[in-house]
>>> print(open('data-v5.pdb').read())   # PDB, C-alpha atoms
ATOM      1  CA  ALA M   1      21.163   4.477  25.468  1.00  0.00           C
ATOM      2  CA  ALA M   2      22.231   3.063  22.150  1.00  0.00           C
ATOM      3  CA  GLY M   3      19.548   1.014  20.438  1.00  0.00           C
ATOM      4  CA  ALA M   4      16.778   2.475  22.549  1.00  0.00           C
ATOM      5  CA  ASP M   5      13.374   2.775  20.939  1.00  0.00           C
ATOM      6  CA  PRO M   6      12.987   6.421  19.799  1.00  0.00           C
ATOM      7  CA  PHE M   7       9.244   6.046  20.334  1.00  0.00           C
ATOM      8  CA  ALA M   8       9.607   4.698  23.864  1.00  0.00           C
ATOM      9  CA  SER M   9       9.118   8.077  25.548  1.00  0.00           C
ATOM     10  CA  SER M  10       5.444   8.772  26.189  1.00  0.00           C
ATOM     11  CA  ASN M  11       4.631   5.253  25.068  1.00  0.00           C
ATOM     12  CA  ASP M  12       2.172   5.229  27.952  1.00  0.00           C
ATOM     13  CA  VAL M  13       0.083   8.152  29.059  1.00  0.00           C
ATOM     14  CA  GLU M  14       1.981  10.061  31.719  1.00  0.00           C
ATOM     15  CA  VAL M  15      -0.028  11.768  34.471  1.00  0.00           C
ATOM     16  CA  ASN M  16       1.734  14.081  36.927  1.00  0.00           C
ATOM     17  CA  LEU M  17      -0.162  15.560  39.829  1.00  0.00           C
ATOM     18  CA  LEU M  18       0.981  19.045  40.789  1.00  0.00           C
ATOM     19  CA  MET M  19       1.063  18.983  44.554  1.00  0.00           C
ATOM     20  CA  ASP M  20       1.662  22.012  46.740  1.00  0.00           C
ATOM     21  CA  SER M  21       3.000  20.135  49.735  1.00  0.00           C
ATOM     22  CA  ALA M  22       6.627  20.638  50.621  1.00  0.00           C
ATOM     23  CA  PRO M  23       9.183  17.948  49.805  1.00  0.00           C
ATOM     24  CA  GLY M  24       9.069  15.182  52.370  1.00  0.00           C
ATOM     25  CA  GLY M  25       5.419  15.807  53.186  1.00  0.00           C
ATOM     26  CA  GLY M  26       3.836  18.182  55.712  1.00  0.00           C
ATOM     27  CA  SER M  27       1.877  18.143  58.948  1.00  0.00           C
ATOM     28  CA  GLY M  28      -0.594  20.322  60.793  1.00  0.00           C
ATOM     29  CA  ASP M  29      -1.943  23.272  58.801  1.00  0.00           C
ATOM     30  CA  ASP M  30       0.333  22.548  55.838  1.00  0.00           C
ATOM     31  CA  GLY M  31      -1.010  19.025  55.650  1.00  0.00           C
ATOM     32  CA  ASN M  32      -4.615  20.239  55.850  1.00  0.00           C
ATOM     33  CA  LYS M  33      -4.001  22.762  53.075  1.00  0.00           C
ATOM     34  CA  ALA M  34      -2.578  20.033  50.881  1.00  0.00           C
ATOM     35  CA  GLU M  35      -5.664  17.875  51.464  1.00  0.00           C
ATOM     36  CA  ASN M  36      -8.083  20.757  50.871  1.00  0.00           C
ATOM     37  CA  LYS M  37      -6.442  21.534  47.555  1.00  0.00           C
ATOM     38  CA  GLY M  38      -6.756  17.986  46.301  1.00  0.00           C
ATOM     39  CA  SER M  39      -9.696  18.948  44.125  1.00  0.00           C
ATOM     40  CA  ASP M  40      -7.557  21.579  42.412  1.00  0.00           C
ATOM     41  CA  ASP M  41      -4.831  19.176  41.338  1.00  0.00           C
ATOM     42  CA  LYS M  42      -4.156  19.287  37.627  1.00  0.00           C
ATOM     43  CA  ALA M  43      -3.382  16.296  35.468  1.00  0.00           C
ATOM     44  CA  LYS M  44      -0.888  16.729  32.675  1.00  0.00           C
ATOM     45  CA  VAL M  45      -1.349  14.254  29.850  1.00  0.00           C
ATOM     46  CA  THR M  46       1.282  13.951  27.155  1.00  0.00           C
ATOM     47  CA  TRP M  47       0.350  12.334  23.818  1.00  0.00           C
ATOM     48  CA  ASN M  48       2.852  11.455  21.131  1.00  0.00           C
ATOM     49  CA  PRO M  49       1.349  11.189  17.608  1.00  0.00           C
ATOM     50  CA  LEU M  50       4.358   9.151  16.444  1.00  0.00           C
ATOM     51  CA  VAL M  51       3.606   6.562  19.093  1.00  0.00           C
ATOM     52  CA  PHE M  52      -0.028   6.453  18.002  1.00  0.00           C
ATOM     53  CA  LEU M  53       0.897   5.898  14.344  1.00  0.00           C
ATOM     54  CA  LYS M  54       3.537   3.338  15.243  1.00  0.00           C
ATOM     55  CA  ASN M  55       1.143   1.333  17.385  1.00  0.00           C
ATOM     56  CA  ARG M  56      -1.644   1.536  14.803  1.00  0.00           C
ATOM     57  CA  LEU M  57       0.450   0.608  11.763  1.00  0.00           C
ATOM     58  CA  GLU M  58       2.903  -1.859  13.279  1.00  0.00           C
ATOM     59  CA  PRO M  59       0.599  -4.914  12.980  1.00  0.00           C
ATOM     60  CA  TYR M  60       0.244  -4.303   9.227  1.00  0.00           C
ATOM     61  CA  PHE M  61       4.004  -4.512   8.717  1.00  0.00           C
ATOM     62  CA  ASP M  62       4.384  -7.685  10.782  1.00  0.00           C
ATOM     63  CA  VAL M  63       5.044 -10.092   7.902  1.00  0.00           C
ATOM     64  CA  ASP M  64       8.110 -12.078   6.923  1.00  0.00           C
ATOM     65  CA  THR M  65       9.653 -13.107   3.605  1.00  0.00           C
ATOM     66  CA  ASP M  66       7.657 -16.334   3.457  1.00  0.00           C
ATOM     67  CA  ASP M  67       4.400 -14.398   3.897  1.00  0.00           C
ATOM     68  CA  ILE M  68       5.339 -12.029   1.055  1.00  0.00           C
ATOM     69  CA  VAL M  69       6.283 -14.890  -1.275  1.00  0.00           C
ATOM     70  CA  GLN M  70       3.112 -16.860  -0.546  1.00  0.00           C
ATOM     71  CA  ARG M  71       0.883 -13.835  -1.057  1.00  0.00           C
ATOM     72  CA  THR M  72       2.634 -12.890  -4.270  1.00  0.00           C
ATOM     73  CA  LEU M  73       2.160 -16.393  -5.664  1.00  0.00           C
ATOM     74  CA  GLN M  74      -1.464 -16.395  -4.530  1.00  0.00           C
ATOM     75  CA  ALA M  75      -2.116 -13.091  -6.318  1.00  0.00           C
ATOM     76  CA  ILE M  76      -0.286 -13.944  -9.541  1.00  0.00           C
ATOM     77  CA  VAL M  77      -0.479 -17.710 -10.030  1.00  0.00           C
ATOM     78  CA  LYS M  78      -3.894 -18.246  -8.438  1.00  0.00           C
ATOM     79  CA  GLY M  79      -5.336 -14.768  -8.766  1.00  0.00           C
ATOM     80  CA  TYR M  80      -7.847 -15.850 -11.396  1.00  0.00           C
ATOM     81  CA  LYS M  81      -9.650 -17.913  -8.737  1.00  0.00           C
ATOM     82  CA  GLY M  82     -10.657 -14.765  -6.867  1.00  0.00           C
ATOM     83  CA  LYS M  83      -9.639 -16.185  -3.484  1.00  0.00           C
ATOM     84  CA  PHE M  84      -6.826 -13.768  -2.609  1.00  0.00           C
ATOM     85  CA  THR M  85      -8.883 -11.692  -0.173  1.00  0.00           C
ATOM     86  CA  GLU M  86      -9.827 -14.871   1.689  1.00  0.00           C
ATOM     87  CA  PHE M  87      -6.152 -15.866   1.814  1.00  0.00           C
ATOM     88  CA  THR M  88      -5.193 -12.586   3.504  1.00  0.00           C
ATOM     89  CA  ALA M  89      -8.433 -11.934   5.405  1.00  0.00           C
ATOM     90  CA  ASP M  90      -7.005 -12.795   8.834  1.00  0.00           C
ATOM     91  CA  LYS M  91      -3.855 -10.732   8.432  1.00  0.00           C
ATOM     92  CA  PRO M  92      -3.860  -8.073   5.691  1.00  0.00           C
ATOM     93  CA  ASP M  93      -0.641  -6.096   5.442  1.00  0.00           C
ATOM     94  CA  LEU M  94       0.764  -2.863   4.069  1.00  0.00           C
ATOM     95  CA  TYR M  95       4.385  -3.958   3.877  1.00  0.00           C
ATOM     96  CA  GLY M  96       3.933  -6.095   0.764  1.00  0.00           C
ATOM     97  CA  PRO M  97       2.171  -3.474  -1.384  1.00  0.00           C
ATOM     98  CA  PHE M  98       4.617  -0.768  -0.200  1.00  0.00           C
ATOM     99  CA  TRP M  99       7.648  -2.968  -0.899  1.00  0.00           C
ATOM    100  CA  ILE M 100       6.351  -4.012  -4.329  1.00  0.00           C
ATOM    101  CA  ALA M 101       5.541  -0.428  -5.365  1.00  0.00           C
ATOM    102  CA  THR M 102       8.959   0.776  -4.171  1.00  0.00           C
ATOM    103  CA  THR M 103      10.727  -2.047  -5.995  1.00  0.00           C
ATOM    104  CA  LEU M 104       8.773  -1.225  -9.149  1.00  0.00           C
ATOM    105  CA  ILE M 105       9.868   2.419  -8.919  1.00  0.00           C
ATOM    106  CA  VAL M 106      13.533   1.428  -8.765  1.00  0.00           C
ATOM    107  CA  VAL M 107      13.381  -1.439 -11.281  1.00  0.00           C
ATOM    108  CA  SER M 108      11.265   0.328 -13.901  1.00  0.00           C
ATOM    109  CA  SER M 109      13.400   3.490 -13.743  1.00  0.00           C
ATOM    110  CA  ALA M 110      16.673   1.564 -13.972  1.00  0.00           C
ATOM    111  CA  SER M 111      15.395  -0.822 -16.654  1.00  0.00           C
ATOM    112  CA  GLY M 112      13.952   2.021 -18.703  1.00  0.00           C
ATOM    113  CA  SER M 113      17.244   3.918 -18.609  1.00  0.00           C
ATOM    114  CA  PHE M 114      19.201   0.782 -19.495  1.00  0.00           C
ATOM    115  CA  ALA M 115      16.839  -0.032 -22.391  1.00  0.00           C
ATOM    116  CA  GLN M 116      17.318   3.520 -23.625  1.00  0.00           C
ATOM    117  CA  TYR M 117      21.094   3.090 -23.450  1.00  0.00           C
ATOM    118  CA  LEU M 118      20.933  -0.185 -25.414  1.00  0.00           C
ATOM    119  CA  SER M 119      18.876   1.581 -28.076  1.00  0.00           C
ATOM    120  CA  GLY M 120      21.641   4.147 -28.511  1.00  0.00           C
ATOM    121  CA  VAL M 121      19.557   7.067 -27.252  1.00  0.00           C
ATOM    122  CA  SER M 122      21.411   9.601 -25.116  1.00  0.00           C
ATOM    123  CA  LYS M 123      19.023  11.403 -22.803  1.00  0.00           C
ATOM    124  CA  ASN M 124      18.976  12.432 -19.159  1.00  0.00           C
ATOM    125  CA  ASP M 125      16.092  10.580 -17.544  1.00  0.00           C
ATOM    126  CA  MET M 126      16.558  11.402 -13.875  1.00  0.00           C
ATOM    127  CA  ASP M 127      12.918  12.488 -13.755  1.00  0.00           C
ATOM    128  CA  LYS M 128      11.867   8.862 -14.314  1.00  0.00           C
ATOM    129  CA  VAL M 129      12.250   8.097 -10.603  1.00  0.00           C
ATOM    130  CA  THR M 130       9.943  10.934  -9.551  1.00  0.00           C
ATOM    131  CA  ALA M 131       7.397  10.126 -12.241  1.00  0.00           C
ATOM    132  CA  SER M 132       7.397   6.421 -11.419  1.00  0.00           C
ATOM    133  CA  ALA M 133       6.869   7.218  -7.712  1.00  0.00           C
ATOM    134  CA  PHE M 134       3.657   9.087  -8.550  1.00  0.00           C
ATOM    135  CA  PHE M 135       2.834   6.387 -11.089  1.00  0.00           C
ATOM    136  CA  PHE M 136       3.027   3.345  -8.794  1.00  0.00           C
ATOM    137  CA  TYR M 137       2.338   4.768  -5.327  1.00  0.00           C
ATOM    138  CA  GLY M 138      -0.640   6.625  -6.755  1.00  0.00           C
ATOM    139  CA  TYR M 139      -1.998   3.546  -8.470  1.00  0.00           C
ATOM    140  CA  VAL M 140      -1.876   1.245  -5.424  1.00  0.00           C
ATOM    141  CA  THR M 141      -3.508   3.874  -3.186  1.00  0.00           C
ATOM    142  CA  LEU M 142      -5.902   5.996  -5.273  1.00  0.00           C
ATOM    143  CA  LEU M 143      -7.600   3.159  -7.155  1.00  0.00           C
ATOM    144  CA  PRO M 144      -8.237   1.091  -4.000  1.00  0.00           C
ATOM    145  CA  LEU M 145      -9.590   4.216  -2.295  1.00  0.00           C
ATOM    146  CA  ALA M 146     -11.946   4.871  -5.206  1.00  0.00           C
ATOM    147  CA  ILE M 147     -13.196   1.264  -5.219  1.00  0.00           C
ATOM    148  CA  TRP M 148     -13.561   1.262  -1.436  1.00  0.00           C
ATOM    149  CA  GLY M 149     -15.632   4.460  -1.517  1.00  0.00           C
ATOM    150  CA  LEU M 150     -17.797   3.220  -4.376  1.00  0.00           C
ATOM    151  CA  LEU M 151     -18.589  -0.065  -2.634  1.00  0.00           C
ATOM    152  CA  ILE M 152     -19.391   1.748   0.619  1.00  0.00           C
ATOM    153  CA  TYR M 153     -21.775   4.018  -1.294  1.00  0.00           C
ATOM    154  CA  HIS M 154     -23.545   0.962  -2.707  1.00  0.00           C
ATOM    155  CA  LYS M 155     -23.596  -0.751   0.715  1.00  0.00           C
ATOM    156  CA  LYS M 156     -21.370  -3.712  -0.222  1.00  0.00           C
ATOM    157  CA  PRO M 157     -18.090  -2.620   1.382  1.00  0.00           C
ATOM    158  CA  MET M 158     -14.739  -4.339   1.202  1.00  0.00           C
ATOM    159  CA  ARG M 159     -12.014  -3.721   3.736  1.00  0.00           C
ATOM    160  CA  LEU M 160      -9.697  -1.049   2.357  1.00  0.00           C
ATOM    161  CA  LEU M 161      -6.570  -2.990   3.347  1.00  0.00           C
ATOM    162  CA  ASN M 162      -7.791  -6.002   1.379  1.00  0.00           C
ATOM    163  CA  ILE M 163      -8.224  -3.911  -1.774  1.00  0.00           C
ATOM    164  CA  VAL M 164      -4.767  -2.362  -1.322  1.00  0.00           C
ATOM    165  CA  ASP M 165      -3.339  -5.873  -0.983  1.00  0.00           C
ATOM    166  CA  VAL M 166      -5.108  -7.041  -4.140  1.00  0.00           C
ATOM    167  CA  TYR M 167      -3.640  -4.173  -6.163  1.00  0.00           C
ATOM    168  CA  GLY M 168      -0.219  -4.215  -4.531  1.00  0.00           C
ATOM    169  CA  TYR M 169       0.476  -7.920  -4.879  1.00  0.00           C
ATOM    170  CA  ALA M 170      -1.025  -8.108  -8.374  1.00  0.00           C
ATOM    171  CA  MET M 171       1.444  -5.421  -9.493  1.00  0.00           C
ATOM    172  CA  SER M 172       4.388  -7.651  -8.548  1.00  0.00           C
ATOM    173  CA  VAL M 173       4.249  -9.310 -11.967  1.00  0.00           C
ATOM    174  CA  PHE M 174       5.531  -6.072 -13.484  1.00  0.00           C
ATOM    175  CA  ILE M 175       8.882  -6.392 -11.671  1.00  0.00           C
ATOM    176  CA  PRO M 176      10.273  -9.232 -13.828  1.00  0.00           C
ATOM    177  CA  THR M 177       8.422  -7.747 -16.801  1.00  0.00           C
ATOM    178  CA  ALA M 178      10.299  -4.446 -16.471  1.00  0.00           C
ATOM    179  CA  ILE M 179      13.620  -6.285 -16.304  1.00  0.00           C
ATOM    180  CA  LEU M 180      12.854  -8.408 -19.387  1.00  0.00           C
ATOM    181  CA  CYS M 181      11.715  -5.329 -21.293  1.00  0.00           C
ATOM    182  CA  THR M 182      15.328  -4.153 -21.438  1.00  0.00           C
ATOM    183  CA  VAL M 183      15.672  -6.500 -24.426  1.00  0.00           C
ATOM    184  CA  PRO M 184      15.619  -4.160 -27.471  1.00  0.00           C
ATOM    185  CA  ASN M 185      12.782  -5.914 -29.273  1.00  0.00           C
ATOM    186  CA  THR M 186       9.465  -4.107 -29.696  1.00  0.00           C
ATOM    187  CA  ILE M 187       7.342  -7.215 -30.261  1.00  0.00           C
ATOM    188  CA  MET M 188       8.805  -8.915 -27.201  1.00  0.00           C
ATOM    189  CA  ARG M 189       8.233  -5.816 -25.069  1.00  0.00           C
ATOM    190  CA  TRP M 190       4.611  -5.462 -26.114  1.00  0.00           C
ATOM    191  CA  SER M 191       4.004  -9.173 -25.541  1.00  0.00           C
ATOM    192  CA  LEU M 192       5.483  -9.029 -22.034  1.00  0.00           C
ATOM    193  CA  ILE M 193       3.600  -5.871 -21.073  1.00  0.00           C
ATOM    194  CA  LEU M 194       0.245  -7.176 -22.320  1.00  0.00           C
ATOM    195  CA  LEU M 195       0.783 -10.560 -20.646  1.00  0.00           C
ATOM    196  CA  ALA M 196       1.599  -8.871 -17.329  1.00  0.00           C
ATOM    197  CA  ALA M 197      -1.455  -6.634 -17.697  1.00  0.00           C
ATOM    198  CA  ALA M 198      -3.670  -9.655 -18.401  1.00  0.00           C
ATOM    199  CA  VAL M 199      -2.388 -11.676 -15.419  1.00  0.00           C
ATOM    200  CA  SER M 200      -2.507  -8.838 -12.883  1.00  0.00           C
ATOM    201  CA  GLY M 201      -5.720  -7.339 -14.268  1.00  0.00           C
ATOM    202  CA  LEU M 202      -7.516 -10.685 -14.076  1.00  0.00           C
ATOM    203  CA  SER M 203      -6.381 -11.079 -10.467  1.00  0.00           C
ATOM    204  CA  ILE M 204      -7.714  -7.632  -9.544  1.00  0.00           C
ATOM    205  CA  VAL M 205     -11.046  -8.036 -11.325  1.00  0.00           C
ATOM    206  CA  MET M 206     -11.738 -11.526  -9.983  1.00  0.00           C
ATOM    207  CA  ASN M 207     -11.004 -10.482  -6.404  1.00  0.00           C
ATOM    208  CA  VAL M 208     -13.418  -7.540  -6.409  1.00  0.00           C
ATOM    209  CA  LYS M 209     -15.987  -9.123  -8.704  1.00  0.00           C
ATOM    210  CA  GLN M 210     -18.311 -10.552  -6.049  1.00  0.00           C
ATOM    211  CA  ASN M 211     -18.779  -7.248  -4.233  1.00  0.00           C
ATOM    212  CA  PHE M 212     -19.345  -5.318  -7.461  1.00  0.00           C
ATOM    213  CA  MET M 213     -21.854  -7.789  -8.817  1.00  0.00           C
ATOM    214  CA  GLU M 214     -23.772  -7.829  -5.539  1.00  0.00           C
ATOM    215  CA  ALA M 215     -23.663  -4.048  -5.183  1.00  0.00           C
ATOM    216  CA  LEU M 216     -24.373  -3.016  -8.776  1.00  0.00           C
ATOM    217  CA  GLN M 217     -25.975  -6.153 -10.214  1.00  0.00           C
ATOM    218  CA  GLY M 218     -26.451  -5.488 -13.945  1.00  0.00           C
ATOM    219  CA  LYS M 219     -24.000  -2.574 -13.922  1.00  0.00           C
ATOM    220  CA  GLY M 220     -21.349  -4.573 -12.081  1.00  0.00           C
ATOM    221  CA  ALA M 221     -19.846  -5.957 -15.280  1.00  0.00           C
ATOM    222  CA  LEU M 222     -19.574  -2.426 -16.688  1.00  0.00           C
ATOM    223  CA  TYR M 223     -17.641  -1.210 -13.656  1.00  0.00           C
ATOM    224  CA  LEU M 224     -15.384  -4.259 -13.740  1.00  0.00           C
ATOM    225  CA  SER M 225     -14.681  -3.542 -17.399  1.00  0.00           C
ATOM    226  CA  GLY M 226     -13.723  -0.019 -16.392  1.00  0.00           C
ATOM    227  CA  ILE M 227     -11.296  -1.338 -13.777  1.00  0.00           C
ATOM    228  CA  ALA M 228      -9.747  -3.644 -16.391  1.00  0.00           C
ATOM    229  CA  ALA M 229      -9.484  -0.777 -18.901  1.00  0.00           C
ATOM    230  CA  ILE M 230      -7.733   1.472 -16.363  1.00  0.00           C
ATOM    231  CA  HIS M 231      -5.294  -1.326 -15.589  1.00  0.00           C
ATOM    232  CA  LEU M 232      -4.584  -1.866 -19.269  1.00  0.00           C
ATOM    233  CA  GLY M 233      -4.004   1.868 -19.589  1.00  0.00           C
ATOM    234  CA  LEU M 234      -1.436   1.669 -16.790  1.00  0.00           C
ATOM    235  CA  ALA M 235       0.415  -1.093 -18.603  1.00  0.00           C
ATOM    236  CA  ILE M 236       0.425   0.806 -21.901  1.00  0.00           C
ATOM    237  CA  GLY M 237       1.615   3.919 -20.078  1.00  0.00           C
ATOM    238  CA  LEU M 238       4.425   1.854 -18.567  1.00  0.00           C
ATOM    239  CA  LYS M 239       5.486   0.729 -22.037  1.00  0.00           C
ATOM    240  CA  PHE M 240       5.434   4.177 -23.614  1.00  0.00           C
ATOM    241  CA  TYR M 241       7.040   6.033 -20.719  1.00  0.00           C
ATOM    242  CA  PHE M 242       9.826   3.624 -19.784  1.00  0.00           C
ATOM    243  CA  PHE M 243      10.379   1.522 -22.890  1.00  0.00           C
ATOM    244  CA  LEU M 244       9.570   3.761 -25.814  1.00  0.00           C
ATOM    245  CA  TYR M 245      12.990   3.445 -27.457  1.00  0.00           C
TER     246      TYR M 245
END
>>> encode(input="data-v5.pdb", output="structure tokens")
Amino acid sequence: AAGADPFASSNDVEVNLLMDSAPGGGSGDDGNKAENKGSDDKAKVTWNPLVFLKNRLEPYFDVDTDDIVQRTLQAIVKGYKGKFTEFTADKPDLYGPFWIATTLIVVSSASGSFAQYLSGVSKNDMDKVTASAFFFYGYVTLLPLAIWGLLIYHKKPMRLLNIVDVYGYAMSVFIPTAILCTVPNTIMRWSLILLAAAVSGLSIVMNVKQNFMEALQGKGALYLSGIAAIHLGLAIGLKFYFFLY
């Protein structure tokens, strides 16, 4: 039927007993044979991996526009307080980081091409979309995974979803930055990029600081500096790749 859930089939485990009795039942010897073969009945269990993934991931996409806005403001405007993980502790999500990374891919590619056009440079930059996909999706997944693994190794773990949220929502500041960087002014572009890097980088560092300092003590500051340096490198890479002209 139209509008039916494509995952509805096999949503529950289906068990079918293979009975040898004739349709409508049996009596006498046939009935006894059916009872004696009860131990030989076979159960057929069907399992749909799509249903499993849907059921597992669905709660992490159950957020609305107000949730996204509030979390974005918490990460950017109040990120320096280091309270973002507490703000999302009860209901971390994947939708926000995925939406922000996807928006960044589109906006940075389009803005970079438009900035190139305004600078009078004629060049086919269709590969910008592919490169930016690796750029942003990789950053909001690989770095959180690395931090998560490191903290587990040092026995001060953070929930992986919380780290992904920290990175994903902190990156939202680069969306307006990419749009404003279409202005053909090098000083303005560098100022915007470095400001965005400072705001988002501070949010990331402050929200993982406690776990790093408890796990690594004296070396915690060194690791946090490394995280900040990698983030600055991302911002500089954004400037040179998308807004070089």
>>> atom_distance(input="data-v5.pdb", atom1="CA of Lys239 in chain M", atom2="CA of Ile193 in chain M")
6.9 Å
>>> atom_distance(input="data-v5.pdb", atom1="CA of Ile175 in chain M", atom2="CA of Thr130 in chain M")
17.5 Å
>>> closest_residue(input="data-v5.pdb", among="M:Phe135, M:Tyr153, M:Tyr95, M:Phe240", to="Thr186 in chain M", atoms="only C-alpha atoms")
M:Phe240
>>> atom_distance(input="data-v5.pdb", atom1="CA of Tyr139 in chain M", atom2="CA of Met171 in chain M")
9.7 Å
>>> resolve_selection(input="data-v5.pdb", expression="the PyMOL selection byres ((chain M and resi 84) around 12)", output="count of residues only")
39
